[in-house]
Amino acid sequence: KLQRAFAKRTIKKSYLTMVKGRWEEQERWVRSPLKKYRLVSGERIVRVHEEGKPAETLFKLRENFKDMSLLEALPRTGRTHQIRVHAQSIRYPIACDDKYGDERFNVCCQKQGLRRMFLHAQSLHLPADILGEEMVFEAPLSDDLLNFLAMQQSNT
């Protein structure tokens with residue numbers, strides 16, 4: 001049932017992410033196809049490419065700070081690295097993303113105590129037809145992400 005629900009896109013997932021730059025819109029749909037590549041080194045990466053598989057992410061502004069923004073990311077599809085690549089493709093790379101991020105921005109965030117990528121799976125919503133009743137699972141931000149967020153709020 002879960003596999004079918006994911007395939008039908010009836011399960012809803014929500015993420016919180018901190019990105020570089022001040023977000024100017026309340027919300028923005030990114031509908032860009034994604035294609036997987038393997039580098040000569042063997043590393044796998046994903047890029048926006050017209051021959052890729054369809055991918056959609058809705059980004060919603062939660063809070064703007066001096067030079068970064070807290071967003072909610074709601075993926076409509078479930079492609080590999082989808083949120084990370086979509087954010088990068090519209091010039092809002094995720095904080096401390098060592099694969100798709102901005103190196104200077106990452107160093108700045110690390111100097112402020114962020115030791116990992118700021119991409120947090122905050123909730124999963126299962127419709128009633130899966131387990132007999134609607135269920136929502138939520139995960140609060142961890143202390144390290146909360147501390148980094150508090151630092152941004154105090155610097156504004």
# chains A, B, ... in the order shown; residues from 1 in each chain; ligands from 1
$ residues_around --residues "region 118-127 of chain A" --least-positions-apart "2" --cutoff "6 Å" --atoms "only C-alpha atoms" --output "PyMOL selection string"
chain A and resi 11-18+95+129+134-139
$ write_last_selection --atoms "all heavy atoms" --output "short mmCIF file (atom, residue, chain, number, x, y, z; two decimals), in the first residue's frame"
data_model
loop_
_atom_site.label_atom_id
_atom_site.label_comp_id
_atom_site.auth_asym_id
_atom_site.auth_seq_id
_atom_site.Cartn_x
_atom_site.Cartn_y
_atom_site.Cartn_z
N ILE A 11 1.08 10.47 -0.71
CA ILE A 11 1.81 10.73 0.54
C ILE A 11 2.48 12.09 0.39
O ILE A 11 3.14 12.36 -0.61
CB ILE A 11 2.85 9.63 0.82
CG1 ILE A 11 2.13 8.32 1.11
CG2 ILE A 11 3.75 10.03 1.98
CD1 ILE A 11 3.03 7.14 1.33
N LYS A 12 2.28 12.94 1.38
CA LYS A 12 2.85 14.28 1.32
C LYS A 12 4.02 14.39 2.30
O LYS A 12 3.91 14.00 3.45
CB LYS A 12 1.79 15.32 1.63
CG LYS A 12 0.70 15.38 0.57
CD LYS A 12 -0.35 16.43 0.92
CE LYS A 12 -1.37 16.55 -0.17
NZ LYS A 12 -2.30 15.47 -0.24
N LYS A 13 5.14 14.96 1.80
CA LYS A 13 6.34 15.15 2.62
C LYS A 13 6.65 16.63 2.69
O LYS A 13 6.43 17.37 1.73
CB LYS A 13 7.52 14.40 2.02
CG LYS A 13 7.31 12.90 1.95
CD LYS A 13 8.46 12.21 1.28
CE LYS A 13 8.27 12.28 -0.21
NZ LYS A 13 9.30 11.61 -0.99
N SER A 14 7.16 17.05 3.83
CA SER A 14 7.52 18.45 4.04
C SER A 14 8.91 18.53 4.66
O SER A 14 9.22 17.79 5.59
CB SER A 14 6.49 19.11 4.96
OG SER A 14 6.90 20.40 5.32
N TYR A 15 9.70 19.44 4.14
CA TYR A 15 11.07 19.63 4.62
C TYR A 15 11.28 21.10 4.98
O TYR A 15 10.65 21.98 4.40
CB TYR A 15 12.08 19.27 3.52
CG TYR A 15 12.05 17.83 3.10
CD1 TYR A 15 11.08 17.35 2.22
CD2 TYR A 15 12.99 16.92 3.57
CE1 TYR A 15 11.04 16.02 1.83
CE2 TYR A 15 12.97 15.59 3.19
CZ TYR A 15 11.99 15.15 2.31
OH TYR A 15 11.96 13.83 1.93
N LEU A 16 12.20 21.35 5.91
CA LEU A 16 12.66 22.70 6.20
C LEU A 16 14.10 22.79 5.70
O LEU A 16 14.88 21.86 5.90
CB LEU A 16 12.64 23.00 7.69
CG LEU A 16 11.31 23.38 8.30
CD1 LEU A 16 11.48 23.65 9.79
CD2 LEU A 16 10.72 24.60 7.62
N THR A 17 14.43 23.91 5.08
CA THR A 17 15.78 24.10 4.59
C THR A 17 16.19 25.57 4.69
O THR A 17 15.35 26.46 4.55
CB THR A 17 15.92 23.58 3.14
OG1 THR A 17 17.28 23.61 2.76
CG2 THR A 17 15.09 24.39 2.16
N MET A 18 17.46 25.78 4.94
CA MET A 18 18.03 27.13 4.95
C MET A 18 18.81 27.28 3.65
O MET A 18 19.63 26.42 3.31
CB MET A 18 18.97 27.32 6.15
CG MET A 18 19.46 28.74 6.33
SD MET A 18 18.19 29.88 6.92
CE MET A 18 18.06 29.39 8.64
N ALA A 95 22.26 25.52 2.64
CA ALA A 95 23.39 25.72 3.56
C ALA A 95 24.10 24.40 3.84
O ALA A 95 23.47 23.40 4.19
CB ALA A 95 22.90 26.35 4.86
N ASP A 129 -6.52 6.00 3.41
CA ASP A 129 -6.64 4.74 2.68
C ASP A 129 -5.42 3.81 2.84
O ASP A 129 -5.47 2.66 2.44
CB ASP A 129 -6.92 4.99 1.20
CG ASP A 129 -5.81 5.74 0.49
OD1 ASP A 129 -5.04 6.44 1.16
OD2 ASP A 129 -5.74 5.64 -0.75
N GLU A 134 -6.15 8.68 8.69
CA GLU A 134 -5.13 9.66 8.30
C GLU A 134 -4.09 9.77 9.41
O GLU A 134 -4.43 9.80 10.59
CB GLU A 134 -5.81 11.01 8.10
CG GLU A 134 -4.88 12.08 7.61
CD GLU A 134 -5.63 13.37 7.33
OE1 GLU A 134 -6.70 13.32 6.70
OE2 GLU A 134 -5.12 14.42 7.76
N MET A 135 -2.82 9.78 9.02
CA MET A 135 -1.74 9.88 10.01
C MET A 135 -0.72 10.91 9.57
O MET A 135 -0.39 11.00 8.39
CB MET A 135 -1.07 8.53 10.19
CG MET A 135 -2.01 7.44 10.67
SD MET A 135 -1.14 5.95 11.10
CE MET A 135 -0.73 6.30 12.77
N VAL A 136 -0.22 11.67 10.53
CA VAL A 136 0.83 12.66 10.28
C VAL A 136 1.96 12.39 11.26
O VAL A 136 1.74 12.32 12.47
CB VAL A 136 0.32 14.10 10.44
CG1 VAL A 136 1.44 15.10 10.23
CG2 VAL A 136 -0.83 14.37 9.47
N PHE A 137 3.15 12.22 10.73
CA PHE A 137 4.34 12.03 11.55
C PHE A 137 5.19 13.29 11.44
O PHE A 137 5.43 13.78 10.33
CB PHE A 137 5.15 10.82 11.06
CG PHE A 137 4.36 9.54 11.11
CD1 PHE A 137 3.64 9.11 10.01
CD2 PHE A 137 4.33 8.78 12.27
CE1 PHE A 137 2.91 7.94 10.05
CE2 PHE A 137 3.60 7.60 12.32
CZ PHE A 137 2.89 7.18 11.21
N GLU A 138 5.61 13.82 12.58
CA GLU A 138 6.40 15.04 12.58
C GLU A 138 7.69 14.83 13.35
O GLU A 138 7.72 14.11 14.35
CB GLU A 138 5.62 16.20 13.21
CG GLU A 138 4.40 16.58 12.38
CD GLU A 138 3.60 17.71 12.99
OE1 GLU A 138 3.69 17.95 14.21
OE2 GLU A 138 2.87 18.36 12.23
N ALA A 139 8.75 15.50 12.88
CA ALA A 139 10.05 15.45 13.56
C ALA A 139 10.50 16.88 13.82
O ALA A 139 10.63 17.67 12.88
CB ALA A 139 11.06 14.72 12.68
#
$ select_by_dssp --residues "chain A" --states "alpha helix (DSSP H)" --output "PyMOL selection string"
chain A and resi 2-8+82-89+103-111+128-131+143-154
$ write_last_selection --atoms "N, CA, C and O atoms" --output "short mmCIF file (atom, residue, chain, number, x, y, z; two decimals), in the first residue's frame"
data_model
loop_
_atom_site.label_atom_id
_atom_site.label_comp_id
_atom_site.auth_asym_id
_atom_site.auth_seq_id
_atom_site.Cartn_x
_atom_site.Cartn_y
_atom_site.Cartn_z
N LEU A 2 1.93 1.23 0.80
CA LEU A 2 2.81 2.39 0.85
C LEU A 2 3.46 2.65 -0.50
O LEU A 2 3.51 3.80 -0.96
N GLN A 3 3.95 1.61 -1.15
CA GLN A 3 4.57 1.78 -2.46
C GLN A 3 3.60 2.38 -3.46
O GLN A 3 3.95 3.29 -4.20
N ARG A 4 2.37 1.89 -3.47
CA ARG A 4 1.36 2.43 -4.39
C ARG A 4 1.05 3.89 -4.07
O ARG A 4 0.90 4.71 -4.96
N ALA A 5 0.97 4.21 -2.79
CA ALA A 5 0.68 5.59 -2.38
C ALA A 5 1.81 6.53 -2.79
O ALA A 5 1.55 7.64 -3.25
N PHE A 6 3.06 6.09 -2.63
CA PHE A 6 4.18 6.93 -3.08
C PHE A 6 4.12 7.10 -4.59
O PHE A 6 4.33 8.20 -5.11
N ALA A 7 3.83 6.02 -5.31
CA ALA A 7 3.77 6.08 -6.77
C ALA A 7 2.64 7.01 -7.25
O ALA A 7 2.79 7.73 -8.23
N LYS A 8 1.52 6.99 -6.54
CA LYS A 8 0.38 7.85 -6.89
C LYS A 8 0.54 9.27 -6.37
O LYS A 8 -0.29 10.13 -6.64
N GLN A 82 16.32 15.79 -5.28
CA GLN A 82 15.40 16.74 -5.92
C GLN A 82 15.41 18.14 -5.29
O GLN A 82 15.57 19.14 -5.97
N ILE A 83 15.22 18.22 -3.99
CA ILE A 83 15.14 19.52 -3.32
C ILE A 83 16.48 20.25 -3.46
O ILE A 83 16.52 21.44 -3.77
N ARG A 84 17.56 19.55 -3.27
CA ARG A 84 18.89 20.14 -3.35
C ARG A 84 19.17 20.70 -4.74
O ARG A 84 19.68 21.83 -4.88
N VAL A 85 18.87 19.93 -5.76
CA VAL A 85 19.15 20.36 -7.14
C VAL A 85 18.19 21.47 -7.57
O VAL A 85 18.60 22.44 -8.21
N HIS A 86 16.92 21.36 -7.21
CA HIS A 86 15.98 22.42 -7.55
C HIS A 86 16.37 23.74 -6.89
O HIS A 86 16.33 24.79 -7.52
N ALA A 87 16.76 23.70 -5.62
CA ALA A 87 17.17 24.92 -4.92
C ALA A 87 18.40 25.53 -5.61
O ALA A 87 18.46 26.73 -5.86
N GLN A 88 19.36 24.70 -5.92
CA GLN A 88 20.57 25.19 -6.59
C GLN A 88 20.25 25.77 -7.96
O GLN A 88 20.78 26.80 -8.35
N SER A 89 19.33 25.12 -8.69
CA SER A 89 19.03 25.54 -10.06
C SER A 89 18.39 26.92 -10.14
O SER A 89 18.45 27.58 -11.17
N GLU A 103 30.27 27.08 -2.07
CA GLU A 103 31.39 26.86 -1.16
C GLU A 103 31.59 28.01 -0.17
O GLU A 103 31.76 27.79 1.02
N ARG A 104 31.55 29.24 -0.66
CA ARG A 104 31.73 30.39 0.24
C ARG A 104 30.63 30.49 1.27
O ARG A 104 30.86 30.78 2.44
N PHE A 105 29.40 30.28 0.83
CA PHE A 105 28.26 30.30 1.75
C PHE A 105 28.39 29.20 2.79
O PHE A 105 28.14 29.42 3.98
N ASN A 106 28.82 28.02 2.36
CA ASN A 106 29.01 26.91 3.29
C ASN A 106 30.04 27.25 4.36
O ASN A 106 29.83 26.97 5.55
N VAL A 107 31.15 27.86 3.96
CA VAL A 107 32.19 28.25 4.91
C VAL A 107 31.63 29.25 5.91
O VAL A 107 31.87 29.15 7.12
N CYS A 108 30.86 30.22 5.43
CA CYS A 108 30.23 31.22 6.30
C CYS A 108 29.31 30.54 7.32
O CYS A 108 29.35 30.86 8.51
N CYS A 109 28.52 29.59 6.88
CA CYS A 109 27.60 28.87 7.78
C CYS A 109 28.38 28.02 8.78
O CYS A 109 28.01 27.94 9.96
N GLN A 110 29.46 27.41 8.33
CA GLN A 110 30.28 26.60 9.22
C GLN A 110 30.92 27.46 10.31
O GLN A 110 31.01 27.04 11.46
N LYS A 111 31.33 28.68 9.95
CA LYS A 111 31.90 29.60 10.94
C LYS A 111 30.86 29.98 12.00
O LYS A 111 31.22 30.37 13.10
N ALA A 128 -5.83 8.38 4.73
CA ALA A 128 -6.57 7.34 5.45
C ALA A 128 -6.59 6.00 4.73
O ALA A 128 -6.65 4.95 5.38
N ASP A 129 -6.52 6.00 3.41
CA ASP A 129 -6.64 4.74 2.68
C ASP A 129 -5.42 3.81 2.84
O ASP A 129 -5.47 2.66 2.44
N ILE A 130 -4.38 4.25 3.50
CA ILE A 130 -3.20 3.40 3.66
C ILE A 130 -3.29 2.56 4.93
O ILE A 130 -3.17 1.34 4.89
N LEU A 131 -3.53 3.21 6.07
CA LEU A 131 -3.56 2.49 7.35
C LEU A 131 -4.93 2.51 8.02
O LEU A 131 -5.06 2.14 9.17
N ASP A 143 18.73 20.01 17.86
CA ASP A 143 19.33 21.14 18.59
C ASP A 143 20.32 21.92 17.76
O ASP A 143 20.36 23.15 17.83
N ASP A 144 21.14 21.24 16.96
CA ASP A 144 22.14 21.97 16.17
C ASP A 144 21.48 22.89 15.14
O ASP A 144 21.91 24.03 14.95
N LEU A 145 20.42 22.43 14.50
CA LEU A 145 19.71 23.27 13.53
C LEU A 145 18.94 24.38 14.24
O LEU A 145 18.88 25.52 13.76
N LEU A 146 18.34 24.06 15.38
CA LEU A 146 17.65 25.09 16.18
C LEU A 146 18.60 26.20 16.62
O LEU A 146 18.27 27.38 16.55
N ASN A 147 19.80 25.81 17.04
CA ASN A 147 20.80 26.80 17.47
C ASN A 147 21.23 27.68 16.30
O ASN A 147 21.37 28.90 16.46
N PHE A 148 21.45 27.09 15.14
CA PHE A 148 21.84 27.87 13.96
C PHE A 148 20.70 28.83 13.58
O PHE A 148 20.94 30.01 13.28
N LEU A 149 19.48 28.35 13.61
CA LEU A 149 18.32 29.18 13.30
C LEU A 149 18.20 30.34 14.30
O LEU A 149 17.98 31.49 13.91
N ALA A 150 18.37 30.07 15.58
CA ALA A 150 18.30 31.10 16.61
C ALA A 150 19.37 32.16 16.39
O ALA A 150 19.12 33.36 16.59
N MET A 151 20.55 31.74 15.94
CA MET A 151 21.62 32.69 15.68
C MET A 151 21.23 33.63 14.54
O MET A 151 21.48 34.83 14.59
N GLN A 152 20.57 33.09 13.51
CA GLN A 152 20.14 33.93 12.39
C GLN A 152 19.06 34.92 12.84
O GLN A 152 19.06 36.09 12.45
N GLN A 153 18.15 34.44 13.69
CA GLN A 153 17.07 35.30 14.17
C GLN A 153 17.61 36.43 15.03
O GLN A 153 17.11 37.55 14.98
N SER A 154 18.67 36.18 15.78
CA SER A 154 19.24 37.23 16.64
C SER A 154 20.09 38.21 15.84
O SER A 154 20.34 39.32 16.29
#
$ residues_around --residues "Leu34 (chain A)" --least-positions-apart "2" --cutoff "10 Å" --atoms "only C-alpha atoms" --output "MDAnalysis selection string"
chainID A and resid 31:32 36:37 46:56 79:82 85:86
$ closest_residue --among "A:Asn64, A:Gln112, A:Thr10, A:Gln26" --to "Arg76 (chain A)" --atoms "only C-alpha atoms"
A:Thr10
$ atom_distance --atom1 "CA of Trp29 (chain A)" --atom2 "CA of Lys99 (chain A)"
22.5 Å
$ select_by_dssp --residues "region 90-132 of chain A" --states "strand (DSSP E or B)" --output "list of chain:residue names"
A:Ile94, A:Leu119, A:His120, A:Ala121, A:Gln122, A:Ser123, A:Leu124, A:His125, A:Leu126
$ closest_residue --among "A:Phe65, A:Ile45, A:Gly21, A:Ser142" --to "Pro93 (chain A)" --atoms "only C-alpha atoms"
A:Gly21
$ closest_residue --among "A:Ser69, A:Thr77, A:Asn155, A:Thr57" --to "Lys20 (chain A)" --atoms "only C-alpha atoms"
A:Ser69
$ atom_distance --atom1 "CA of Gly132 (chain A)" --atom2 "CA of Pro75 (chain A)"
24.2 Å
$ atom_distance --atom1 "CA of Val19 (chain A)" --atom2 "CA of Val40 (chain A)"
29.0 Å
